[in-house]
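Asks: Okay, handing you the structure first.
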Amino acid sequence: MLSTRRSLLVSLGAVALTLAACTTAPPPKPTPPIIMPPPVQPVPMPEPPPVTPPPKPEPAPLMTPSTFSALPGWDRDELREAWPAFMNSCSVLVRRTDWKEACMAARVVDAADAAAVRGFFETYFVPNQLRSPDGADTGLITGYYEPMLRGARKRGGEFQTPLHKVPDDLLTIDLSSVYPSLKGMRLRGRLVGNKVIPYRSRAEIDRADANGKELLWVDSPVDAFFLEVQGSGRVVLDTGETVRVAYAEQNGHPYKAIGRWLIDQGELTSADATMQGIKAWIERNPTRRQELFNANPSYIFFKEERLPDPRGGPK
């Protein structure tokens, strides 16, 4: 029995130890390391092959040599009328290598002989077919001309519209000596007290009394206005004398095209806003003539120049 009791005690003790062991928390298991996957390397995309633009077509030549027989109206034109202007140009062009031969030959041509003048041009010149950059062979070419007005040195009768000389109170200030960046630019105005203010606009000039500062009197206010647009011209006086009037000064106000004003007012279309179209509009609306002119506040003052030979062309 002793033996048995001991075994029992031992067994009970083992059970107790076992129970005791069961009541103690087991040690934590180590956290397994987080293994990151290797980074994915981007796969480079192949570069697209270079795109070669198609070759641009060669632009059509603007000038194509032609013949005089292909030139409309050549056989009917009065070429002697062009001769004085051509000879005037040759007085300068003769110094250029490419013009010397023609200008030297022109000196012995009889200007009164129509056949000789025609023969000269056909010998030394080549007509060309002119085209615009888009290939079109029609278009508009503008050129300088001297308008011809009728006038007198004194006001009277039909001559009631003045061409003005430079007024005494017009100041022209050149600032380029102080501000070189303003070279070629001038301020225009007039002195009131100790201040310089803008000079009179067209509307103010037409209302003002400019007695004594009229250069000439002409018979058409419309022609006088377009003389300002052109900048110079000629006046055939009532005495039979022809004089040239040239730009002398400007009142300092910006130029504004009256054709654009008529378009903006819905009075004319772009196609009709030519000098002829504007004159026709004035004939239909005589009471609005000054309103139209005043839309351009710029005003040109003139001076008289010597005209050595009235048969010559524009200056």
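Naming works like this for the structure tokens: A, B, ... for the chains as they're shown, residue 1 at the start of each chain, ligands 1 onward in shown order.
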Would you please extract all helix (DSSP H, G or I) residues from segment 19-117 of chain A, as assigned by DSSP on the backbone, and give them as a PDB file with C-alpha atoms, in the first residue's frame?
Replies:
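Output below, filename part-v2.pdb:
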ATOM      1  CA  LEU A  19      -1.893  21.459 -14.769  1.00  0.00           C
ATOM      2  CA  ALA A  20       0.428  24.193 -13.604  1.00  0.00           C
ATOM      3  CA  ALA A  21       2.193  24.072 -16.878  1.00  0.00           C
ATOM      4  CA  CYS A  22      -1.118  24.406 -18.706  1.00  0.00           C
ATOM      5  CA  PHE A  68       4.438  91.985-125.926  1.00  0.00           C
ATOM      6  CA  SER A  69       1.842  90.457-128.215  1.00  0.00           C
ATOM      7  CA  ALA A  70       0.322  88.738-125.161  1.00  0.00           C
ATOM      8  CA  LEU A  79       3.548 105.150-124.894  1.00  0.00           C
ATOM      9  CA  ARG A  80       4.790 108.697-125.511  1.00  0.00           C
ATOM     10  CA  GLU A  81       2.834 109.791-122.432  1.00  0.00           C
ATOM     11  CA  ALA A  82       5.065 107.561-120.276  1.00  0.00           C
ATOM     12  CA  TRP A  83       8.305 108.855-121.761  1.00  0.00           C
ATOM     13  CA  PRO A  84       8.861 111.988-119.582  1.00  0.00           C
ATOM     14  CA  ALA A  85       8.456 109.987-116.365  1.00  0.00           C
ATOM     15  CA  PHE A  86      10.713 107.233-117.696  1.00  0.00           C
ATOM     16  CA  MET A  87      13.449 109.687-118.624  1.00  0.00           C
ATOM     17  CA  ASN A  88      13.154 111.340-115.227  1.00  0.00           C
ATOM     18  CA  SER A  89      13.714 107.946-113.590  1.00  0.00           C
ATOM     19  CA  CYS A  90      16.691 107.260-115.866  1.00  0.00           C
ATOM     20  CA  SER A  91      18.471 110.348-114.542  1.00  0.00           C
ATOM     21  CA  VAL A  92      19.048 108.271-111.389  1.00  0.00           C
ATOM     22  CA  LEU A  93      18.890 104.693-112.697  1.00  0.00           C
ATOM     23  CA  THR A  97      24.871  98.657-113.937  1.00  0.00           C
ATOM     24  CA  ASP A  98      21.692  96.814-114.924  1.00  0.00           C
ATOM     25  CA  TRP A  99      20.016 100.010-116.151  1.00  0.00           C
ATOM     26  CA  LYS A 100      22.930 101.840-117.730  1.00  0.00           C
ATOM     27  CA  GLU A 101      22.625 100.422-121.266  1.00  0.00           C
ATOM     28  CA  ALA A 102      18.885 101.088-121.573  1.00  0.00           C
ATOM     29  CA  CYS A 103      19.058 104.578-120.107  1.00  0.00           C
ATOM     30  CA  MET A 104      21.984 105.550-122.325  1.00  0.00           C
ATOM     31  CA  ALA A 105      20.095 104.325-125.403  1.00  0.00           C
ATOM     32  CA  ALA A 106      16.979 106.264-124.343  1.00  0.00           C
ATOM     33  CA  ALA A 114       5.502 106.982-131.205  1.00  0.00           C
ATOM     34  CA  ALA A 115       7.053 104.144-133.208  1.00  0.00           C
ATOM     35  CA  ALA A 116      10.524 104.941-131.873  1.00  0.00           C
ATOM     36  CA  VAL A 117       9.314 104.962-128.269  1.00  0.00           C
TER      37      VAL A 117
END
Asks: I'd like the contact shell of Val166 of chain A - 8 Å cut-off, only C-alpha atoms, skipping same-chain residues fewer than 6 positions apart - returned as an MDAnalysis selection string.
Replies: chainID A and resid 213 248:249 301:303
Asks: Given the selection you just returned, output its residues as a file containing all heavy atoms, formatted as a CSV table (one decimal), in the first residue's frame.
Replies:
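Produced file again.csv, reproduced below:
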chain,number,residue,atom,x,y,z
A,213,LYS,N,-4.2,132.1,-93.6
A,213,LYS,CA,-3.4,130.9,-93.6
A,213,LYS,C,-3.9,129.9,-94.7
A,213,LYS,O,-3.6,128.8,-94.7
A,213,LYS,CB,-3.4,130.2,-92.3
A,213,LYS,CG,-2.8,131.0,-91.2
A,213,LYS,CD,-1.4,131.5,-91.5
A,213,LYS,CE,-0.4,130.4,-91.5
A,213,LYS,NZ,1.0,130.9,-91.7
A,248,ALA,N,3.1,119.4,-96.0
A,248,ALA,CA,4.0,120.3,-95.1
A,248,ALA,C,3.9,119.9,-93.7
A,248,ALA,O,5.0,119.9,-93.0
A,248,ALA,CB,3.5,121.8,-95.3
A,249,GLU,N,2.8,119.6,-93.1
A,249,GLU,CA,2.6,119.2,-91.7
A,249,GLU,C,1.3,118.5,-91.5
A,249,GLU,O,0.5,118.5,-92.4
A,249,GLU,CB,2.8,120.4,-90.8
A,249,GLU,CG,4.1,120.5,-90.1
A,249,GLU,CD,4.4,119.3,-89.2
A,249,GLU,OE1,3.5,118.4,-89.0
A,249,GLU,OE2,5.6,119.2,-88.7
A,301,PHE,N,-1.7,119.9,-93.8
A,301,PHE,CA,-1.3,121.2,-94.2
A,301,PHE,C,-0.4,121.2,-95.4
A,301,PHE,O,0.5,120.3,-95.4
A,301,PHE,CB,-0.7,122.1,-93.1
A,301,PHE,CG,-1.6,122.1,-91.8
A,301,PHE,CD1,-1.3,121.4,-90.7
A,301,PHE,CD2,-2.8,122.9,-91.8
A,301,PHE,CE1,-2.2,121.4,-89.6
A,301,PHE,CE2,-3.6,122.9,-90.7
A,301,PHE,CZ,-3.3,122.2,-89.6
A,302,PHE,N,-0.5,122.1,-96.3
A,302,PHE,CA,0.3,122.0,-97.6
A,302,PHE,C,1.2,123.2,-97.7
A,302,PHE,O,1.1,124.2,-97.1
A,302,PHE,CB,-0.7,121.9,-98.8
A,302,PHE,CG,-1.5,120.7,-98.8
A,302,PHE,CD1,-2.8,120.7,-98.4
A,302,PHE,CD2,-1.0,119.5,-99.4
A,302,PHE,CE1,-3.6,119.6,-98.4
A,302,PHE,CE2,-1.8,118.4,-99.4
A,302,PHE,CZ,-3.1,118.4,-99.0
A,303,LYS,N,2.1,123.0,-98.7
A,303,LYS,CA,3.0,124.0,-99.1
A,303,LYS,C,3.1,123.9,-100.7
A,303,LYS,O,2.8,122.9,-101.3
A,303,LYS,CB,4.4,123.9,-98.5
A,303,LYS,CG,5.1,122.6,-98.9
A,303,LYS,CD,6.5,122.4,-98.2
A,303,LYS,CE,7.1,121.1,-98.6
A,303,LYS,NZ,8.4,120.9,-97.9
Asks: Residues of segment 45-161 of chain A within 9 Å of segment 226-229 of chain A: nearest atom pair and distance (Å, one decimal) for each, counting only C-alpha atoms, sorted by chain and number, as a tab-separated table?
Replies:
residue	atom	partner	partner_atom	distance
A:Glu146	CA	A:Leu227	CA	8.5
A:Pro147	CA	A:Leu227	CA	6.7
A:Met148	CA	A:Leu227	CA	8.8
A:Leu149	CA	A:Leu227	CA	8.5
Asks: Rounded to one decimal, what separation in Å do you get between atom CA of Leu262 of chain A and atom CA of Tyr299 of chain A?
Replies: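 According to the coordinates, atom CA of Leu262 of chain A and atom CA of Tyr299 of chain A are separated by 18.9 Å.
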Asks: Tell me, as a PDB file with C-alpha atoms, in the first residue's frame, which residues lie within 10 Å of segment 202-211 of chain A, counting only C-alpha atoms; anything in the same chain fewer than 2 positions away does not count.
Replies:
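New file result11.pdb:
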ATOM      1  CA  THR A 161     -12.711 125.335-100.129  1.00  0.00           C
ATOM      2  CA  PRO A 162      -9.325 126.254 -98.646  1.00  0.00           C
ATOM      3  CA  HIS A 164      -4.357 125.414 -95.537  1.00  0.00           C
ATOM      4  CA  LYS A 165      -0.763 126.358 -94.916  1.00  0.00           C
ATOM      5  CA  PRO A 167      -0.761 127.474 -88.905  1.00  0.00           C
ATOM      6  CA  TYR A 199      -3.949 120.558 -81.712  1.00  0.00           C
ATOM      7  CA  ARG A 200      -7.356 121.089 -83.241  1.00  0.00           C
ATOM      8  CA  LYS A 213      -3.393 130.896 -93.643  1.00  0.00           C
ATOM      9  CA  GLU A 214      -5.081 129.605 -96.776  1.00  0.00           C
ATOM     10  CA  ASN A 251      -2.257 118.225 -86.950  1.00  0.00           C
ATOM     11  CA  HIS A 253      -4.411 113.366 -84.778  1.00  0.00           C
ATOM     12  CA  GLN A 290     -18.995 116.858 -93.254  1.00  0.00           C
ATOM     13  CA  GLU A 291     -20.041 114.160 -90.780  1.00  0.00           C
ATOM     14  CA  PHE A 293     -15.064 113.851 -93.217  1.00  0.00           C
ATOM     15  CA  ASN A 294     -15.014 114.495 -89.457  1.00  0.00           C
ATOM     16  CA  ALA A 295     -14.741 110.735 -88.876  1.00  0.00           C
ATOM     17  CA  ASN A 296     -11.088 111.270 -89.819  1.00  0.00           C
ATOM     18  CA  PRO A 297      -9.679 113.775 -87.280  1.00  0.00           C
ATOM     19  CA  SER A 298      -6.325 113.974 -89.091  1.00  0.00           C
ATOM     20  CA  TYR A 299      -5.693 117.103 -91.149  1.00  0.00           C
ATOM     21  CA  ILE A 300      -2.909 117.819 -93.649  1.00  0.00           C
TER      22      ILE A 300
END
